[in-house]
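Down below is the structure, laid out as structure tokens.
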Amino acid sequence: MATDLQTAHQIDDTGIELDERTLLEMYWQMVRARRLDERVWVLHRQGKIAFHISGIGHEGIQVGAAYAMRRGHDYASLYYRDLAFSLSMGSTPLDFMLAVFGKAGEPTSGSRQMPSHWSSRELGMLTSSSPVGTQVPQAAGAALACKMRGDDRVVLVTLGEGSTSEGDFYEGLNWAGVHRLPMVCLVQNNIYAISVPMHLQMAVPNVADRAPMFGIAGAIVDGNDVLASYRVMQEAIARARGGEGATLVEAKTYRPVPHSSDDDDRTYRTRDEVEEWKLRDPILRFQGYLRERGLLDEETAQEIEQRVREEVDHAHATAEAAPYPPPEDTMFSVFAPDDIA
Amino acid sequence: MAEITLIEALRQAMDEEMERDDRVFITGEDVGQRGGVFRATQGLFEKYGAERVIDSPLAELSIVAVGIGAALVGMRPICEIQFADYIFPAFNQIVNEAAMVYYRTGGDWHVPMVIRAPYGGGIGGGLYHSQSVETFFAHQPGLKIVIPSNPYDAKGMLKSAVRDPNPVMIFEPKKGYRLIKGDVPPDDYTVPIGPAAVTREGTDLTIYAYGMMHYYVLQAAEAVARQDGISCEVVDVRTLVPLDRETVLASFKKTGKALIVYEASRFLGYGAEIAALLSDEAFEYMDGPIRRLTGPDRPGVPFAHTMQDFYMPNPDTIADAIRELAAY
């Protein structure tokens, strides 16, 4: 990983064969997630919304991973940090704004859940809850179904490094190993589980070191390098689709903001550390790379920013003006009707 | 129609549902080659293969979670927990995940899965092979909970559970697996999840029970009819969630007295909810105290047979409770 500041702006594009349009689209997705996220922090500071859990700093691995999938065909089971991932899967800034304002018509849960609990049957995003790690064995079950049906789908499940301490993680990957499941488990290691640093979470230097105990492949990637992330995820997905079983991918990254709007990260880490990591920001690095390759000039960069700002403005205004859910929505049925498809 | 045991009825249900629908598969500990430690899945591995009758790792959390994930994407898993006592590692996956998916996604996702677990005492199973855990799950909205008391219902309700689009837990009275026999059609039929059954008509008092206790209650009701001339009505609750309030209330309005029998520990047990329902909605029909006969407030059924017998309600203790209530 790019721990050396000398290499902080490098992007490893070895073996990458993405066309210019796709590279710029990925850049746009990262900027879009970032600006949306930043706007929501502002809304929180203004007292307009109750809660935000941020994905800032994680855009590289998330966009890289999403673009490595066969979106619309494969399944993704995401966790709360995955704003850029969810947008890349096809959700919209308006969807997210409706969630943070807790408004009617919010598509993942009708505003029953807190924001950032991604879910969409149409987009292939499995439903997620707040207890961490539960999605890993569920993803194994979905992958088992894909294997039983021989339908060529891969299940990608994401979590943070803190969640790897849960039993769910071990049991899920054990199934993946025993049954050679078409699954990729992506751990976004941002070093802190709220305040608890990695060395109090595990005694191994890398999450991916645990892969051999499940009999599956392991891989480590610089999660702030979107193209390296794309390549490693693409390789893992190809293995899964090709019947070679699951991979535990560890993306090394960092969360330069507090865990959530209720957290104060000054209580557990230094400002120097945070500032140092900001130099490795995945968007700045990708922007530098695109400029060097002559794919992005100042004018195009401004156009992208403008386009994103308009979309975020629109989502913000629309969600703020939207009605709240009627109180009686509380009584939505807990049971599906017998004739549900 | 052939007379078969309760466990044969369950096996028939699974066999027929797997034959009917190739989305149905089974997983759990020892369900494959061994055919289950109680033999509930005997012969299914040979018939449907290792792909559809899957010996799971020894890990209850993921037996359930794998079922949830498979169900989300369109399969119809039947997950076996070897003993209900071992279901607790999966508690979070059941109550926070399976039970909540339909509600939390506003109906976008649903979880059509079955969780089977043998429950109950009287088999020398000690503290950790005898528990009755239904109340833990009945408290969480979003789970259908079924406890059959006879082979006909066991087959018909398990088949309904497999076809239900929601998570259904079926707790099976393991003491009755081979003890309880009954006539069962050898072909396809279902018993709906929901309706309770009046299994004995009577006028003096109503007894509510399910599973193994229902089997004992029928014996006790027969004994007091013969020996004391007491006329008991018996309601087999069968579906704990959603509860058939109409049938439960109608019988009480007829007799005015209620005895509720369950073998789990007493405090906050399932019968407490029935008692609350009766006092709320049929107070003016009440002709005596609403009584419960239950296991004591101890955390499990002890191993030594002397203590096991002390713990478990049985036809004699049920008959005594009936006489006392009838005399009130």
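The way I read the labels, and the way they are meant: chains A, B, ... in the order of the structure tokens, residue 1 as the first residue of every chain, and ligand 1 as the first ligand shown, with later ones counted on from there.
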Task: Every residue of region 213-308 of chain B that DSSP places in helix (DSSP H, G or I), as a ChimeraX atom specification - done: /B:213-228,245-255,270-281,283-285,305-308
Residue selection dump (N, CA and C atoms) as a CSV table (one decimal), in the first residue's frame:
```csv
chain,number,residue,atom,x,y,z
B,213,MET,N,-47.6,-31.3,25.2
B,213,MET,CA,-48.6,-31.1,26.3
B,213,MET,C,-50.0,-31.3,25.8
B,214,HIS,N,-50.3,-31.0,24.5
B,214,HIS,CA,-51.6,-31.3,24.0
B,214,HIS,C,-51.9,-32.8,24.0
B,215,TYR,N,-50.9,-33.6,23.7
B,215,TYR,CA,-51.1,-35.1,23.8
B,215,TYR,C,-51.5,-35.5,25.2
B,216,TYR,N,-50.8,-35.0,26.2
B,216,TYR,CA,-51.1,-35.3,27.6
B,216,TYR,C,-52.4,-34.7,28.0
B,217,VAL,N,-52.8,-33.6,27.5
B,217,VAL,CA,-54.0,-32.9,27.9
B,217,VAL,C,-55.2,-33.8,27.5
B,218,LEU,N,-55.1,-34.3,26.3
B,218,LEU,CA,-56.2,-35.2,25.8
B,218,LEU,C,-56.4,-36.4,26.7
B,219,GLN,N,-55.3,-37.0,27.1
B,219,GLN,CA,-55.3,-38.1,28.1
B,219,GLN,C,-56.0,-37.7,29.4
B,220,ALA,N,-55.5,-36.6,29.9
B,220,ALA,CA,-56.1,-36.1,31.2
B,220,ALA,C,-57.6,-35.8,31.1
B,221,ALA,N,-58.0,-35.2,29.9
B,221,ALA,CA,-59.4,-34.8,29.7
B,221,ALA,C,-60.2,-36.1,29.7
B,222,GLU,N,-59.7,-37.1,29.1
B,222,GLU,CA,-60.4,-38.4,29.0
B,222,GLU,C,-60.6,-39.0,30.4
B,223,ALA,N,-59.5,-38.9,31.2
B,223,ALA,CA,-59.5,-39.5,32.6
B,223,ALA,C,-60.5,-38.8,33.5
B,224,VAL,N,-60.5,-37.5,33.4
B,224,VAL,CA,-61.4,-36.8,34.3
B,224,VAL,C,-62.9,-36.9,33.9
B,225,ALA,N,-63.1,-37.1,32.6
B,225,ALA,CA,-64.4,-37.3,32.1
B,225,ALA,C,-64.9,-38.7,32.7
B,226,ARG,N,-64.1,-39.7,32.6
B,226,ARG,CA,-64.4,-41.0,33.0
B,226,ARG,C,-64.6,-41.1,34.6
B,227,GLN,N,-63.6,-40.5,35.3
B,227,GLN,CA,-63.5,-40.7,36.7
B,227,GLN,C,-64.4,-39.7,37.5
B,228,ASP,N,-64.5,-38.4,36.9
B,228,ASP,CA,-65.1,-37.4,37.7
B,228,ASP,C,-66.3,-36.7,37.0
B,245,ARG,N,-57.1,-15.9,17.5
B,245,ARG,CA,-57.8,-15.3,18.7
B,245,ARG,C,-59.2,-15.7,18.7
B,246,GLU,N,-59.9,-15.8,17.6
B,246,GLU,CA,-61.3,-16.1,17.6
B,246,GLU,C,-61.6,-17.5,18.2
B,247,THR,N,-60.8,-18.5,17.8
B,247,THR,CA,-61.1,-19.8,18.3
B,247,THR,C,-60.8,-19.9,19.8
B,248,VAL,N,-59.7,-19.2,20.2
B,248,VAL,CA,-59.3,-19.2,21.6
B,248,VAL,C,-60.4,-18.5,22.5
B,249,LEU,N,-60.9,-17.4,22.0
B,249,LEU,CA,-61.9,-16.6,22.7
B,249,LEU,C,-63.3,-17.4,22.7
B,250,ALA,N,-63.6,-18.0,21.6
B,250,ALA,CA,-64.9,-18.6,21.5
B,250,ALA,C,-65.1,-19.7,22.5
B,251,SER,N,-64.0,-20.5,22.7
B,251,SER,CA,-64.1,-21.6,23.6
B,251,SER,C,-64.3,-21.1,25.0
B,252,PHE,N,-63.5,-20.1,25.4
B,252,PHE,CA,-63.6,-19.6,26.7
B,252,PHE,C,-65.0,-19.0,27.0
B,253,LYS,N,-65.5,-18.3,26.0
B,253,LYS,CA,-66.9,-17.7,26.2
B,253,LYS,C,-67.9,-18.8,26.4
B,254,LYS,N,-67.6,-20.0,25.9
B,254,LYS,CA,-68.5,-21.1,26.1
B,254,LYS,C,-68.4,-21.7,27.5
B,255,THR,N,-67.1,-21.9,28.0
B,255,THR,CA,-66.9,-22.6,29.2
B,255,THR,C,-66.7,-21.7,30.4
B,270,TYR,N,-45.6,-18.6,26.9
B,270,TYR,CA,-46.5,-18.3,25.9
B,270,TYR,C,-48.0,-18.2,26.5
B,271,GLY,N,-48.3,-19.1,27.4
B,271,GLY,CA,-49.6,-19.1,28.0
B,271,GLY,C,-50.0,-17.9,28.7
B,272,ALA,N,-49.0,-17.1,29.1
B,272,ALA,CA,-49.3,-15.8,29.8
B,272,ALA,C,-50.0,-14.9,28.8
B,273,GLU,N,-49.7,-15.0,27.5
B,273,GLU,CA,-50.3,-14.1,26.5
B,273,GLU,C,-51.8,-14.6,26.3
B,274,ILE,N,-52.0,-15.9,26.3
B,274,ILE,CA,-53.4,-16.4,26.2
B,274,ILE,C,-54.2,-15.9,27.4
B,275,ALA,N,-53.6,-16.0,28.6
B,275,ALA,CA,-54.3,-15.5,29.8
B,275,ALA,C,-54.7,-14.0,29.7
B,276,ALA,N,-53.7,-13.2,29.2
B,276,ALA,CA,-54.0,-11.8,29.0
B,276,ALA,C,-55.1,-11.5,28.0
B,277,LEU,N,-55.1,-12.3,26.9
B,277,LEU,CA,-56.1,-12.1,25.9
B,277,LEU,C,-57.5,-12.4,26.5
B,278,LEU,N,-57.6,-13.5,27.2
B,278,LEU,CA,-58.9,-13.9,27.8
B,278,LEU,C,-59.4,-12.8,28.8
B,279,SER,N,-58.5,-12.3,29.6
B,279,SER,CA,-59.0,-11.3,30.6
B,279,SER,C,-59.3,-10.0,30.0
B,280,ASP,N,-58.6,-9.7,28.9
B,280,ASP,CA,-58.9,-8.4,28.2
B,280,ASP,C,-60.2,-8.5,27.4
B,281,GLU,N,-60.4,-9.6,26.7
B,281,GLU,CA,-61.5,-9.6,25.8
B,281,GLU,C,-62.7,-10.5,26.1
B,283,PHE,N,-63.6,-10.8,29.7
B,283,PHE,CA,-63.7,-10.7,31.2
B,283,PHE,C,-65.1,-11.1,31.7
B,284,GLU,N,-66.1,-10.6,31.0
B,284,GLU,CA,-67.5,-10.8,31.5
B,284,GLU,C,-67.9,-12.3,31.4
B,285,TYR,N,-67.1,-13.1,30.7
B,285,TYR,CA,-67.5,-14.5,30.7
B,285,TYR,C,-66.7,-15.4,31.7
B,305,HIS,N,-34.0,-38.8,36.3
B,305,HIS,CA,-35.4,-38.9,36.0
B,305,HIS,C,-36.3,-38.4,37.1
B,306,THR,N,-35.8,-38.5,38.3
B,306,THR,CA,-36.6,-38.0,39.4
B,306,THR,C,-36.9,-36.5,39.2
B,307,MET,N,-35.9,-35.8,38.9
B,307,MET,CA,-36.1,-34.3,38.7
B,307,MET,C,-36.8,-34.0,37.4
B,308,GLN,N,-36.5,-34.8,36.4
B,308,GLN,CA,-37.2,-34.6,35.1
B,308,GLN,C,-38.7,-34.8,35.3
```
Could you build a table of the residues in chain A lying no more than 6 Å from chain B, giving for each the nearest pair of atoms and their separation in Å rounded to one decimal place, using only C-alpha atoms, ordered by chain and ascending residue number, as a tab-separated table?
```
residue	atom	partner	partner_atom	distance
A:Thr108	CA	B:Thr105	CA	5.6
A:Ser109	CA	B:Thr105	CA	4.1
A:Gly110	CA	B:Gly106	CA	5.9
A:Pro137	CA	B:Ala65	CA	5.4
A:Gln138	CA	B:Gly69	CA	4.1
A:Ala139	CA	B:Gly69	CA	5.7
A:Ala140	CA	B:Val66	CA	6.0
A:Gly141	CA	B:Val66	CA	3.7
A:Ala142	CA	B:Ala70	CA	4.4
A:Ala145	CA	B:Ala70	CA	5.2
A:Glu171	CA	B:Ser62	CA	5.9
A:Val334	CA	B:Gly142	CA	4.9
```
Export C-alpha atoms of the chosen residues as a JSON list (two decimals), in the first residue's frame?
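What follows is the written file again-v6.json:
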```json
[["chain", "number", "residue", "atom", "x", "y", "z"],
["A", 108, "THR", "CA", -34.70, 0.98, 0.76],
["A", 109, "SER", "CA", -36.98, 0.83, 3.79],
["A", 110, "GLY", "CA", -39.63, 3.54, 3.57],
["A", 137, "PRO", "CA", -23.08, -15.85, 6.05],
["A", 138, "GLN", "CA", -26.18, -14.55, 4.26],
["A", 139, "ALA", "CA", -24.01, -13.79, 1.24],
["A", 140, "ALA", "CA", -22.71, -17.36, 1.48],
["A", 141, "GLY", "CA", -26.31, -18.55, 1.33],
["A", 142, "ALA", "CA", -27.02, -16.41, -1.72],
["A", 145, "ALA", "CA", -28.16, -20.63, -4.28],
["A", 171, "GLU", "CA", -18.99, -18.99, 9.78],
["A", 334, "VAL", "CA", -44.48, -7.96, 9.00]]
```
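Going from CA of Val157 (chain A) to CA of Gly102 (chain A) covers 25.8 Å.
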Task: Atomic distance CA of Ala50 (chain A) - CA of Ile304 (chain A), expressed in Å with one decimal - done: 29.3 Å
Open item on the list: Applying 12 Å and only C-alpha atoms, which residues near Tyr86 (chain B) remain after dropping the ones on its own chain fewer than 4 positions away? List them as JSON, numbers by chain.
Closed with: {"B": [28, 29, 58, 59, 60, 61, 63, 64, 80, 81, 82, 90, 91, 116, 117, 118, 119, 127, 128, 129, 130, 131, 132, 133]}
So that I have them on file, write out the residues from the current selection with N, CA and C atoms, as an mmCIF file, in the first residue's frame.
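And here is the file that came out, result-v3.cif:
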```cif
data_model
loop_
_atom_site.group_PDB
_atom_site.id
_atom_site.type_symbol
_atom_site.label_atom_id
_atom_site.label_comp_id
_atom_site.auth_asym_id
_atom_site.auth_seq_id
_atom_site.Cartn_x
_atom_site.Cartn_y
_atom_site.Cartn_z
ATOM 1 N N GLY B 28 -28.452 -28.624 7.647
ATOM 2 C CA GLY B 28 -28.391 -28.760 9.094
ATOM 3 C C GLY B 28 -27.342 -29.805 9.433
ATOM 4 N N GLU B 29 -27.115 -29.969 10.735
ATOM 5 C CA GLU B 29 -26.076 -30.916 11.160
ATOM 6 C C GLU B 29 -26.581 -32.355 11.031
ATOM 7 N N LEU B 58 -20.815 -27.485 11.810
ATOM 8 C CA LEU B 58 -21.449 -27.497 13.135
ATOM 9 C C LEU B 58 -21.530 -26.058 13.635
ATOM 10 N N ALA B 59 -22.481 -25.313 13.108
ATOM 11 C CA ALA B 59 -22.510 -23.867 13.338
ATOM 12 C C ALA B 59 -23.922 -23.355 13.083
ATOM 13 N N GLU B 60 -24.677 -23.169 14.157
ATOM 14 C CA GLU B 60 -26.102 -22.877 14.005
ATOM 15 C C GLU B 60 -26.356 -21.499 13.396
ATOM 16 N N LEU B 61 -25.534 -20.526 13.777
ATOM 17 C CA LEU B 61 -25.716 -19.174 13.235
ATOM 18 C C LEU B 61 -25.795 -19.232 11.710
ATOM 19 N N ILE B 63 -26.193 -21.927 9.750
ATOM 20 C CA ILE B 63 -27.254 -22.777 9.188
ATOM 21 C C ILE B 63 -28.458 -21.886 8.864
ATOM 22 N N VAL B 64 -28.773 -21.002 9.790
ATOM 23 C CA VAL B 64 -29.897 -20.089 9.581
ATOM 24 C C VAL B 64 -29.536 -19.001 8.567
ATOM 25 N N GLU B 80 -32.480 -27.195 9.582
ATOM 26 C CA GLU B 80 -32.716 -27.966 10.799
ATOM 27 C C GLU B 80 -31.714 -27.577 11.872
ATOM 28 N N ILE B 81 -32.245 -27.198 13.040
ATOM 29 C CA ILE B 81 -31.414 -27.034 14.234
ATOM 30 C C ILE B 81 -31.593 -28.323 15.027
ATOM 31 N N GLN B 82 -30.486 -28.983 15.341
ATOM 32 C CA GLN B 82 -30.568 -30.364 15.846
ATOM 33 C C GLN B 82 -31.393 -30.480 17.131
ATOM 34 N N ALA B 90 -27.970 -18.588 16.680
ATOM 35 C CA ALA B 90 -28.651 -18.049 15.503
ATOM 36 C C ALA B 90 -29.718 -17.020 15.876
ATOM 37 N N PHE B 91 -29.808 -16.685 17.148
ATOM 38 C CA PHE B 91 -30.897 -15.810 17.608
ATOM 39 C C PHE B 91 -30.901 -14.484 16.846
ATOM 40 N N ARG B 116 -36.666 -25.795 11.350
ATOM 41 C CA ARG B 116 -37.205 -26.915 12.132
ATOM 42 C C ARG B 116 -36.313 -27.144 13.345
ATOM 43 N N ALA B 117 -36.947 -27.380 14.491
ATOM 44 C CA ALA B 117 -36.146 -27.703 15.673
ATOM 45 C C ALA B 117 -36.944 -28.588 16.621
ATOM 46 N N PRO B 118 -36.393 -29.758 16.986
ATOM 47 C CA PRO B 118 -37.029 -30.586 18.009
ATOM 48 C C PRO B 118 -36.929 -29.898 19.369
ATOM 49 N N TYR B 119 -38.027 -29.912 20.114
ATOM 50 C CA TYR B 119 -38.022 -29.227 21.413
ATOM 51 C C TYR B 119 -38.617 -30.154 22.467
ATOM 52 N N LEU B 127 -30.426 -30.609 30.778
ATOM 53 C CA LEU B 127 -30.627 -29.166 30.654
ATOM 54 C C LEU B 127 -30.542 -28.661 29.215
ATOM 55 N N TYR B 128 -29.751 -29.342 28.377
ATOM 56 C CA TYR B 128 -29.482 -28.807 27.043
ATOM 57 C C TYR B 128 -29.989 -29.663 25.884
ATOM 58 N N HIS B 129 -30.895 -30.593 26.179
ATOM 59 C CA HIS B 129 -31.553 -31.324 25.087
ATOM 60 C C HIS B 129 -33.047 -31.430 25.371
ATOM 61 N N SER B 130 -33.581 -30.474 26.119
ATOM 62 C CA SER B 130 -34.974 -30.590 26.566
ATOM 63 C C SER B 130 -35.739 -29.276 26.521
ATOM 64 N N GLN B 131 -35.099 -28.230 26.071
ATOM 65 C CA GLN B 131 -35.712 -26.917 26.266
ATOM 66 C C GLN B 131 -36.896 -26.660 25.335
ATOM 67 N N SER B 132 -37.785 -25.813 25.847
ATOM 68 C CA SER B 132 -38.910 -25.304 25.058
ATOM 69 C C SER B 132 -38.666 -23.802 24.866
ATOM 70 N N VAL B 133 -38.343 -23.405 23.646
ATOM 71 C CA VAL B 133 -37.809 -22.051 23.420
ATOM 72 C C VAL B 133 -38.787 -21.130 22.690
#
```
Open item on the list: At a cut-off of 6 Å, using only C-alpha atoms, what residues contact Asp244 (chain B)? Leave out same-chain residues fewer than 6 positions from it and give the result as an MDAnalysis selection string.
Closed with: chainID B and resid 194:196
How about saving the chosen residues, C-alpha atoms kept, as a CSV table (one decimal), in the first residue's frame?
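Output contents, as saved in part_11.csv:
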```csv
chain,number,residue,atom,x,y,z
B,194,GLY,CA,-53.1,-19.9,11.6
B,195,PRO,CA,-56.3,-21.7,12.7
B,196,ALA,CA,-56.3,-23.4,16.1
```
Open item on the list: List as a ChimeraX atom specification the protein and nucleic acid residues near region 45-47 of chain B, meaning an atom at most 8 Å away when only C-alpha atoms are counted, but skip any in the same chain fewer than 5 places from it.
Closed with: /B:31-33,35,52-53
TODO: Would you list the contacts of Asp309 (chain B) as a PyMOL selection string, taking every protein, DNA or RNA residue within 10 Å and counting only C-alpha atoms, but skipping same-chain residues closer than 6 positions in sequence?
DONE: chain B and resi 121-122+124+301-303
Store the residues of this selection in a file with N, CA and C atoms, as a CSV table (one decimal), in the first residue's frame.
```
chain,number,residue,atom,x,y,z
B,121,GLY,N,-39.0,-31.7,26.8
B,121,GLY,CA,-38.4,-32.7,27.7
B,121,GLY,C,-39.1,-34.0,27.7
B,122,GLY,N,-38.6,-34.8,28.7
B,122,GLY,CA,-39.2,-36.1,28.9
B,122,GLY,C,-38.4,-37.2,28.2
B,124,GLY,N,-35.0,-37.7,28.9
B,124,GLY,CA,-33.7,-37.8,29.5
B,124,GLY,C,-32.6,-36.9,28.9
B,301,VAL,N,-34.7,-28.7,31.9
B,301,VAL,CA,-35.2,-29.9,32.5
B,301,VAL,C,-34.0,-30.7,33.0
B,302,PRO,N,-33.9,-31.0,34.3
B,302,PRO,CA,-32.7,-31.8,34.8
B,302,PRO,C,-32.6,-33.2,34.2
B,303,PHE,N,-31.4,-33.7,34.3
B,303,PHE,CA,-31.2,-35.0,33.7
B,303,PHE,C,-31.7,-36.2,34.5
```
Task: Selection: 8 Å around Gly57 (chain A), only C-alpha atoms, excl. self and same-chain fewer than 4 positions, as a count of residues only - done: 7
Task: Minimum-distance residue to Arg200 (chain B), chosen among B:Ser149, B:Ser231, B:Ser160, B:Thr135 (using only C-alpha atoms) - done: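 Of B:Ser149, B:Ser231, B:Ser160, B:Thr135, the one nearest Arg200 (chain B) is B:Ser231, counting only C-alpha atoms.
Using only C-alpha atoms, the nearest neighbour of Asn189 (chain A) within the list A:Gly162, A:Pro212, A:Gly167, A:Pro205 is A:Gly162.
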TODO: Find, counting only C-alpha atoms, the residue in A:Thr158, A:Ser195, A:Ser333, A:Gln287 that gets nearest to Asp225 (chain A).
DONE: A:Gln287
Open item on the list: Report, in Å to a single decimal, how far apart CA of Lys252 (chain A) and CA of Glu273 (chain A) are.
Closed with: 15.1 Å
Task: strand (DSSP E or B) positions in region 22-242 of chain A, given as a PyMOL selection string - done: chain A and resi 53+75-77+120+125+155-160+183-189+192-193+196-197+217-222
Task: Pick from A:Ala217, A:Ile61, A:Ala193, A:Val40 nearest to Met233 (chain A), counting only C-alpha atoms - done: A:Ile61
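If only C-alpha atoms are the atoms counted, then among B:Ile318, B:Ser265, B:Tyr311, B:Lys175 the closest residue to Asp297 (chain B) is B:Ser265.
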- [ ] Could you tell me which of B:Val24, B:Met212, B:Leu44, B:Leu240 comes closest to Pro315 (chain B) if we count only C-alpha atoms?
- [x]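 Smallest separation from Pro315 (chain B) among the options: B:Met212.
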